[in-house]
Structure formats: C-alpha cells, structure tokens
$ cat final-v3.cif   # mmCIF, C-alpha atoms and all ligand atoms
data_run
loop_
_atom_site.label_atom_id
_atom_site.label_comp_id
_atom_site.auth_asym_id
_atom_site.auth_seq_id
_atom_site.Cartn_x
_atom_site.Cartn_y
_atom_site.Cartn_z
CA MET E 286 72.52 141.30 103.75
CA GLN E 287 72.06 139.42 106.99
CA ALA E 288 71.85 136.21 104.98
CA ARG E 289 75.20 136.88 103.31
CA GLY E 290 76.73 133.68 104.58
CA LEU E 291 73.95 131.62 103.10
CA LEU E 292 74.08 133.43 99.79
CA ILE E 293 77.74 132.61 99.53
CA ALA E 294 77.28 129.11 100.75
CA ALA E 295 74.77 127.85 98.21
CA PRO E 296 76.72 128.29 94.97
CA ALA E 297 80.05 127.60 96.58
CA PHE E 298 79.47 123.87 96.75
CA ILE E 299 80.86 122.05 93.78
CA LEU E 300 79.23 118.83 92.70
CA LEU E 301 80.55 117.44 89.47
CA SER E 302 80.30 113.93 88.18
CA GLY E 303 83.85 112.79 87.74
CA CYS E 304 84.00 109.30 89.16
CA ALA E 305 82.22 106.02 89.09
CA PRO E 306 78.76 106.05 90.67
CA ALA E 307 80.07 104.28 93.77
CA CYS E 308 82.01 107.35 94.82
CA GLN E 309 79.17 109.83 94.42
CA THR E 310 77.30 109.17 97.60
CA SER E 311 78.78 111.48 100.21
CA PRO E 312 76.31 113.94 101.77
CA LEU E 313 76.27 117.62 100.97
CA GLN E 314 78.59 119.59 103.16
CA THR E 315 77.74 122.73 105.08
CA ILE E 316 79.72 125.53 103.51
CA ARG E 317 80.99 128.40 105.57
CA PRO E 318 81.64 131.78 103.94
CA GLY E 319 84.86 131.56 102.00
CA PRO E 320 88.07 133.52 101.93
CA SER E 321 88.19 137.04 100.61
CA TYR E 322 89.32 136.47 97.02
CA PRO E 323 86.68 136.25 94.29
CA LEU E 324 86.24 132.51 93.99
CA THR E 325 82.52 132.20 94.51
CA ALA E 326 81.58 133.43 91.05
CA ALA E 327 84.35 131.41 89.53
CA ILE E 328 83.03 128.20 91.00
CA ARG E 329 79.40 128.93 90.18
CA GLU E 330 80.18 129.66 86.56
CA LYS E 331 83.07 127.22 86.37
CA ALA E 332 85.24 130.29 85.98
CA ARG E 333 84.22 131.07 82.45
CA ALA E 334 85.02 134.71 83.12
CA ASP E 335 88.39 135.58 81.72
CA TYR E 336 89.10 138.21 84.32
CA LEU E 337 90.01 135.41 86.69
CA ALA E 338 92.75 134.36 84.29
CA SER E 339 95.90 134.48 86.32
CA GLU E 340 94.05 134.43 89.60
CA GLN E 341 93.43 130.72 89.15
CA ILE E 342 96.83 129.51 90.18
CA ARG E 343 97.17 132.27 92.75
CA ALA E 344 93.82 131.38 94.28
CA GLY E 345 94.60 127.68 94.25
CA ILE E 346 91.73 126.52 92.09
CA VAL E 347 91.74 125.89 88.37
CA THR E 348 88.80 125.33 86.08
CA GLU E 349 89.97 126.05 82.55
CA GLY E 350 92.60 127.66 80.36
CA SER E 351 92.33 130.75 78.20
CA THR E 352 89.19 130.86 76.10
CA GLN E 353 91.18 132.97 73.62
CA LYS E 354 93.64 130.24 72.67
CA LYS E 355 92.89 127.02 70.83
CA MET E 356 94.47 124.80 73.43
CA ILE E 357 93.03 121.98 75.49
CA ALA E 358 94.39 119.64 78.17
CA LEU E 359 93.60 115.96 78.56
CA SER E 360 93.51 114.66 82.12
CA PHE E 361 93.33 111.00 83.13
CA ASP E 362 92.15 110.13 86.64
CA ASP E 363 92.29 107.04 88.84
CA GLY E 364 95.44 105.29 87.63
CA PRO E 365 97.82 103.79 87.28
CA HIS E 366 96.38 100.48 86.07
CA PRO E 367 98.96 97.85 85.08
CA GLY E 368 98.04 96.49 81.65
CA ARG E 369 95.87 99.48 80.79
CA THR E 370 98.06 102.50 81.46
CA GLU E 371 100.68 101.16 79.03
CA PRO E 372 98.44 101.22 75.92
CA LEU E 373 97.18 104.64 76.96
CA LEU E 374 100.74 105.94 77.15
CA ARG E 375 101.55 104.32 73.81
CA ALA E 376 98.58 106.06 72.20
CA LEU E 377 99.68 109.40 73.65
CA SER E 378 103.30 108.87 72.61
CA HIS E 379 102.31 107.85 69.11
CA ALA E 380 100.38 111.10 68.74
CA HIS E 381 103.08 113.16 70.51
CA VAL E 382 100.60 114.30 73.14
CA HIS E 383 101.46 115.02 76.77
CA ALA E 384 98.68 114.66 79.33
CA THR E 385 98.03 115.14 83.05
CA PHE E 386 97.58 111.99 85.13
CA PHE E 387 95.84 112.39 88.49
CA VAL E 388 97.07 109.30 90.31
CA ILE E 389 95.83 107.43 93.38
CA GLY E 390 98.61 106.64 95.88
CA LYS E 391 97.47 103.09 96.66
CA MET E 392 97.47 102.35 92.92
CA VAL E 393 100.90 103.89 92.45
CA VAL E 394 102.55 101.64 95.04
CA ARG E 395 101.32 98.58 93.11
CA ALA E 396 102.95 99.73 89.88
CA PRO E 397 105.26 102.69 90.53
CA TYR E 398 107.07 102.21 87.22
CA LEU E 399 103.93 103.43 85.48
CA ILE E 400 104.13 106.96 86.89
CA GLN E 401 107.81 106.97 85.99
CA ASP E 402 106.75 106.03 82.45
CA GLU E 403 104.22 108.86 82.49
CA ILE E 404 106.91 111.38 83.39
CA LYS E 405 109.35 109.90 80.87
CA GLN E 406 106.66 110.12 78.20
CA GLY E 407 106.47 113.87 78.88
CA SER E 408 103.19 113.88 80.74
CA GLU E 409 102.74 115.30 84.23
CA VAL E 410 101.44 113.67 87.40
CA GLY E 411 98.87 115.19 89.75
CA ASN E 412 97.51 114.13 93.13
CA HIS E 413 94.14 112.30 93.41
CA THR E 414 94.43 111.36 97.13
CA TYR E 415 96.04 108.17 98.47
CA ASN E 416 92.78 106.23 98.93
CA HIS E 417 90.50 107.88 96.35
CA ILE E 418 88.25 109.38 98.96
CA HIS E 419 85.95 112.41 98.88
CA VAL E 420 87.77 115.22 100.64
CA THR E 421 84.42 116.70 101.69
CA SER E 422 83.99 113.75 104.05
CA LEU E 423 87.32 114.36 105.82
CA THR E 424 88.67 116.64 108.52
CA ASP E 425 91.44 119.06 107.63
CA SER E 426 94.10 116.78 109.09
CA GLN E 427 92.69 113.77 107.23
CA ILE E 428 92.80 115.78 104.00
CA ALA E 429 96.43 116.64 104.71
CA THR E 430 97.20 112.96 105.32
CA GLU E 431 95.60 111.92 102.02
CA ILE E 432 97.48 114.64 100.13
CA PHE E 433 100.87 114.07 101.72
CA GLU E 434 100.71 110.27 101.53
CA ASP E 435 99.92 110.45 97.83
CA ASN E 436 102.59 113.10 97.30
CA ASP E 437 105.10 110.99 99.23
CA VAL E 438 104.76 108.11 96.79
CA ILE E 439 104.73 110.48 93.82
CA ARG E 440 107.93 112.10 95.09
CA ARG E 441 109.50 108.72 95.84
CA TYR E 442 109.10 107.56 92.24
CA THR E 443 109.32 110.79 90.25
CA GLY E 444 111.53 113.00 92.43
CA GLU E 445 108.93 115.74 92.85
CA PRO E 446 105.61 115.97 94.72
CA ALA E 447 102.56 116.97 92.71
CA VAL E 448 101.16 120.48 92.81
CA LEU E 449 97.92 119.93 90.93
CA PHE E 450 95.15 118.14 92.82
CA ARG E 451 91.98 116.60 91.37
CA PRO E 452 89.31 115.99 94.03
CA PRO E 453 87.80 112.49 93.73
CA GLY E 454 84.24 112.82 92.45
CA GLY E 455 84.86 116.51 91.81
CA ARG E 456 83.63 117.16 95.32
CA VAL E 457 85.08 120.08 97.18
CA SER E 458 83.75 122.50 99.76
CA TRP E 459 85.12 125.76 101.08
CA GLY E 460 86.45 123.97 104.13
CA ALA E 461 88.14 121.26 102.08
CA TYR E 462 89.40 123.81 99.57
CA ARG E 463 91.07 125.84 102.29
CA ALA E 464 92.72 122.73 103.74
CA LEU E 465 93.95 121.77 100.27
CA ARG E 466 95.28 125.24 99.70
CA ALA E 467 97.08 125.13 103.03
CA CYS E 468 98.76 121.93 101.76
CA GLY E 469 99.99 123.94 98.77
CA MET E 470 97.77 122.17 96.27
CA VAL E 471 96.12 123.74 93.23
CA THR E 472 92.67 122.16 93.00
CA THR E 473 92.06 121.30 89.37
CA LEU E 474 88.53 120.82 88.04
CA TRP E 475 87.45 120.35 84.42
CA THR E 476 85.23 121.77 81.72
CA ASP E 477 84.14 118.55 80.06
CA ASP E 478 83.25 115.14 81.45
CA PRO E 479 82.21 112.79 78.62
CA LYS E 480 81.58 110.05 81.22
CA ASP E 481 84.05 107.53 79.87
CA TYR E 482 83.85 105.63 83.16
CA VAL E 483 80.38 104.18 82.50
CA ASN E 484 81.87 101.24 80.59
CA PRO E 485 85.04 100.12 82.38
CA GLY E 486 84.90 96.59 80.94
CA LYS E 487 85.02 95.25 77.41
CA PRO E 488 85.41 97.81 74.63
CA ASP E 489 82.07 98.80 73.13
CA PRO E 490 81.95 100.44 69.68
CA ALA E 491 78.62 102.13 70.44
CA GLN E 492 80.06 103.67 73.60
CA GLN E 493 83.17 104.76 71.71
CA LYS E 494 81.04 106.52 69.09
CA LEU E 495 79.08 108.26 71.84
CA LEU E 496 82.26 109.30 73.64
CA LEU E 497 83.75 110.79 70.51
CA GLU E 498 80.56 112.69 69.75
CA ARG E 499 80.37 114.07 73.27
CA LEU E 500 84.01 115.13 73.25
CA MET E 501 83.77 116.90 69.90
CA LYS E 502 80.49 118.56 70.81
CA HIS E 503 82.02 120.18 73.90
CA LEU E 504 85.38 121.04 72.41
CA HIS E 505 86.27 124.66 73.12
CA PRO E 506 89.39 126.74 73.72
CA GLY E 507 90.82 126.38 77.22
CA GLY E 508 89.02 123.10 77.88
CA ILE E 509 90.23 120.67 80.52
CA ILE E 510 88.84 117.26 79.62
CA LEU E 511 88.19 114.66 82.28
CA LEU E 512 89.01 111.12 81.20
CA HIS E 513 90.03 108.03 83.13
CA ASP E 514 93.09 105.82 83.09
CA GLY E 515 92.07 102.17 82.73
CA ILE E 516 89.14 102.62 80.31
CA LEU E 517 89.62 100.67 77.08
CA ASP E 518 87.05 102.71 75.13
CA THR E 519 89.02 105.85 75.92
CA VAL E 520 92.26 104.38 74.60
CA ALA E 521 90.42 103.18 71.49
CA ILE E 522 89.07 106.60 70.53
CA LEU E 523 92.14 108.62 71.50
CA PRO E 524 93.92 108.60 68.10
CA GLU E 525 90.77 109.68 66.24
CA PHE E 526 89.90 112.29 68.85
CA ILE E 527 93.39 113.77 68.71
CA ARG E 528 93.26 113.80 64.91
CA ARG E 529 89.92 115.64 64.88
CA VAL E 530 90.98 118.13 67.55
CA ARG E 531 94.14 119.00 65.65
CA ALA E 532 92.23 119.24 62.39
CA GLN E 533 90.31 122.09 64.03
CA GLY E 534 93.55 123.87 64.85
CA TYR E 535 93.83 122.96 68.51
CA GLN E 536 97.00 122.23 70.42
CA ILE E 537 96.88 119.57 73.14
CA VAL E 538 98.97 120.35 76.24
CA THR E 539 99.25 119.47 79.92
CA VAL E 540 97.12 121.31 82.49
CA THR E 541 100.19 123.20 83.68
CA GLN E 542 101.05 124.29 80.15
CA LEU E 543 97.45 125.35 79.64
CA LEU E 544 97.61 127.54 82.73
CA LEU E 545 100.92 129.08 81.76
CA ALA E 546 99.60 129.85 78.30
CA LYS E 547 96.64 131.51 79.96
CA GLN E 548 98.92 133.61 82.08
CA ARG E 549 100.93 134.63 79.06
CA ALA E 550 97.87 135.33 76.94
CA GLU E 551 96.18 137.68 79.31
CA SER E 552 97.13 140.79 81.14
CA HIS E 553 99.55 140.28 83.98
CA SER E 554 99.16 143.75 85.33
CA ALA E 555 96.93 142.89 88.26
CA LEU E 556 99.11 139.97 89.26
CA LEU E 557 102.29 141.97 88.91
CA ALA E 558 100.92 144.92 90.83
CA SER E 559 99.82 142.89 93.80
CA GLU E 560 101.98 141.83 96.66
CA GLN E 561 102.11 138.06 96.87
CA PRO E 562 101.36 136.87 100.41
CA PRO E 563 103.89 134.28 101.62
CA ARG E 564 101.60 131.28 101.14
CA GLU E 565 100.82 132.22 97.52
CA GLN E 566 104.51 132.81 96.92
CA ALA E 567 105.37 129.37 98.22
CA MET E 568 102.65 127.79 96.12
CA LEU E 569 103.75 129.57 92.97
CA GLN E 570 107.30 128.51 93.64
CA ARG E 571 106.12 124.91 93.86
CA VAL E 572 104.25 125.32 90.59
CA GLU E 573 107.37 126.77 89.03
CA ARG E 574 109.57 124.02 90.41
CA SER E 575 107.24 121.38 89.06
CA LEU E 576 107.64 122.92 85.65
CA GLY E 577 111.36 122.41 85.69
CA SER E 578 110.96 119.00 84.09
CA ALA E 579 108.55 120.16 81.39
CA PRO E 580 110.83 120.96 78.46
CA ALA E 581 108.30 122.93 76.44
CA ILE E 582 107.92 125.64 79.06
CA ARG E 583 110.12 128.63 79.59
CA VAL E 584 110.04 129.21 83.34
CA ALA E 585 112.52 132.00 83.83
CA PRO E 586 110.45 134.92 82.49
CA ILE E 587 107.62 134.06 84.82
CA HIS E 588 109.98 133.95 87.77
CA ARG E 589 111.05 137.46 86.93
CA ARG E 590 107.54 138.75 86.42
CA LEU E 591 106.31 137.38 89.71
CA LYS E 592 109.42 138.47 91.56
CA LEU E 593 109.67 135.08 93.22
CA THR E 594 112.61 134.66 95.53
ZN ZN E 601 88.69 109.54 90.64
#
$ encode --input "final-v3.cif" --output "structure tokens"
Amino acid sequence: MQARGLLIAAPAFILLSGCAPACQTSPLQTIRPGPSYPLTAAIREKARADYLASEQIRAGIVTEGSTQKKMIALSFDDGPHPGRTEPLLRALSHAHVHATFFVIGKMVVRAPYLIQDEIKQGSEVGNHTYNHIHVTSLTDSQIATEIFEDNDVIRRYTGEPAVLFRPPGGRVSWGAYRALRACGMVTTLWTDDPKDYVNPGKPDPAQQKLLLERLMKHLHPGGIILLHDGILDTVAILPEFIRRVRAQGYQIVTVTQLLLAKQRAESHSALLASEQPPREQAMLQRVERSLGSAPAIRVAPIHRRLKLT
C-alpha cells in the first residue's frame, strides 16, 4: 500500500481525443492523489458504472447519462463560427433538437449574437475556456482566469454564466479538476468521439458516410456525443443521424437534461441521505439556476429533494 499514490495517479489521468491534432501536444501531468470521493474508478472506466449516477453532478465531473434510458446528448465544441453555426442551428431547429454548445470566449466576442441564437433555439451553452487552452498546462489561478473570462462573456450575452465545462482536448488532471471544481464548474466529458474534426474544410461525402457509421455504431443509452461547431460534414449528416437515432427509439436532449433524467431514473436515496457540503450545495444551486431557462425541465421537485436553500 505504500505505492497508493502512484496507483491512484496512473488511471486518474484523462487523455481523450476531442480536438484538432494541434491541441493534443501538452505533456502528461503529474497527478497527485485525488479527493476522497470515488472518482478514480469513474474516470478509468468513463463512469460506466451506474452506481455513480447522481454522484456525477455532485462530484463535479460528468461522463454519461443513464444507461437505462434511451436518451443521448449532442455536444458541439469550439464555436461559435459565423457562417457555420447558423446552418448548424437551422438543422437542429428543423429537427426540434436542443444541443449543448461548449463555446470559446474569444470566438464568442467576435459573434456574440450566435450564442444568443443558441439559447433562443433552446440549446444550452457550456464553457470551453476563453482561449481554447489545455487546462493541464495551467496553474490554478490561470485555470480560474480562463473559466471566469469565458463565463463573463457568456453571462454578458446570455444573462447566465455556464455551469458545464468541457476541457479542450479532453485533458484534465486531478489538480486541474480540483481547480475547476473550486470554480463551480461541472467538467463534462463524452462517451463517443466520431472525430468529425479531421475534415474541417470542404464537405466530403466519404467522410460523411464514415461519420454516420461511426456514430450509429457507438450509439447507446446515456451517450454524450462529441461533435464540433464549424464542421460542414457534421451539419450535412445531422438530419439523417437524428432520423436514425429516433427510429431506434432514442430521445435527443441537452447534457443537463440527460443528467437530470439520470437523477430521476435512479435511486436518490444516497444523495438524499447525505449532507451536502457548502461547495456542493452552491454548485447544485448553480446547476439548478441554469436550468431555469430550459422549459422542458421541472426544477422544483429536485430543489425539494436536495433541500437546497
Ligand atoms: Zn475544443
């Protein structure tokens, strides 16, 4: 047991391929033993275990929804992109689908109306740092700066800061995770990355066919799918993908709705029985507040169950 720290450290590092190759070059980080809640297994197995159900929001890290419900969430990173976000939103609106957009602050300030359009369309907006930088390469205070600067512009144009956070490149370490949690963010990973970013240029029918095949192959209840705003192939396949997903009986929701459905679907007893430490309480309140604008969600019962003040 003397090597306990090391045993915890090895699987705790998350390395997922969520961004363009250019942002996948930061060195591995040294991981210190983590906090006392059971996150290590969740990260190693991408939290497939259902027992972590409602602990995801409480623990500040999210990997998937309930595997018992035929629901998935579509997430779009790296926007907004003037000229490309609009057709994406039109495709979503046409199919009556709400998504989760993880936006980059420096992109938002160039076209703030686009995140307003995202909210108006019924989608939700999450934080993807101000400069699209790996949080594992930053100090705690630099992480806070990236988070709050992005949230400042999100709040300026939508009225509310984001609660969900998607780490650029999918890179997070225990140290970065704890800093993010201290900022009140819920780190949101994914279950499926079809790699739509490999062809950011002209639409390519062969790539579209491949994307669709990959997406359908990995479709499963509770999935959080990583896509990117600004990719023409993604917009092109969206109507057909949505049609096929629904034909299999799936509902497509936002990440927040996916998490709430998970909470509802599974036992709340452990969550209800436990005392919520102040920081978790504040974070849950922020999650709840962010849901105020999502019309499909009934927030009040959850407030009562969690005894939030
Ligand atoms: Zn990104």
$ residues_near_ligand --input "final-v3.cif" --ligand "ligand ZN 601 (chain E)" --cutoff "10 Å" --atoms "all atoms listed in the file" --output "list in words"
Ser302, Gly303, Cys304, Ala305, Cys308, Phe361, Asp362, Asp363, Gly364, Phe387, Val388, Ile389, His413, Thr414, Asn416, His417, Ile418, His419, Arg451, Pro452, Pro453, Gly454, Gly455, Tyr482, Leu511, Leu512, His513 and Asp514 of chain E
$ residues_around --input "final-v3.cif" --residues "Thr443 in chain E" --least-positions-apart "2" --cutoff "8 Å" --atoms "only C-alpha atoms" --output "VMD selection string"
chain E and resid 400 to 401 404 439 to 441 445 to 446
$ residues_near_point --input "final-v3.cif" --point "(103.7, 108.9, 72.8)" --cutoff "12 Å" --atoms "only C-alpha atoms" --output "NGL selection string"
:E and (371-384 or 402-408 or 523-524)
$ residues_around --input "final-v3.cif" --residues "range 497-510 of chain E" --least-positions-apart "3" --cutoff "7 Å" --atoms "all atoms listed in the file" --output "list of chain:residue names"
E:Glu349, E:Gly350, E:Ser351, E:Thr352, E:Gln353, E:Lys354, E:Lys355, E:Met356, E:Ile357, E:Ala358, E:Leu359, E:Ser360, E:Trp475, E:Thr476, E:Asp477, E:Asp478, E:Pro479, E:Gln493, E:Lys494, E:Ile522, E:Phe526
$ atom_distance --input "final-v3.cif" --atom1 "CA of Asp489 in chain E" --atom2 "CA of Arg528 in chain E"
20.4 Å
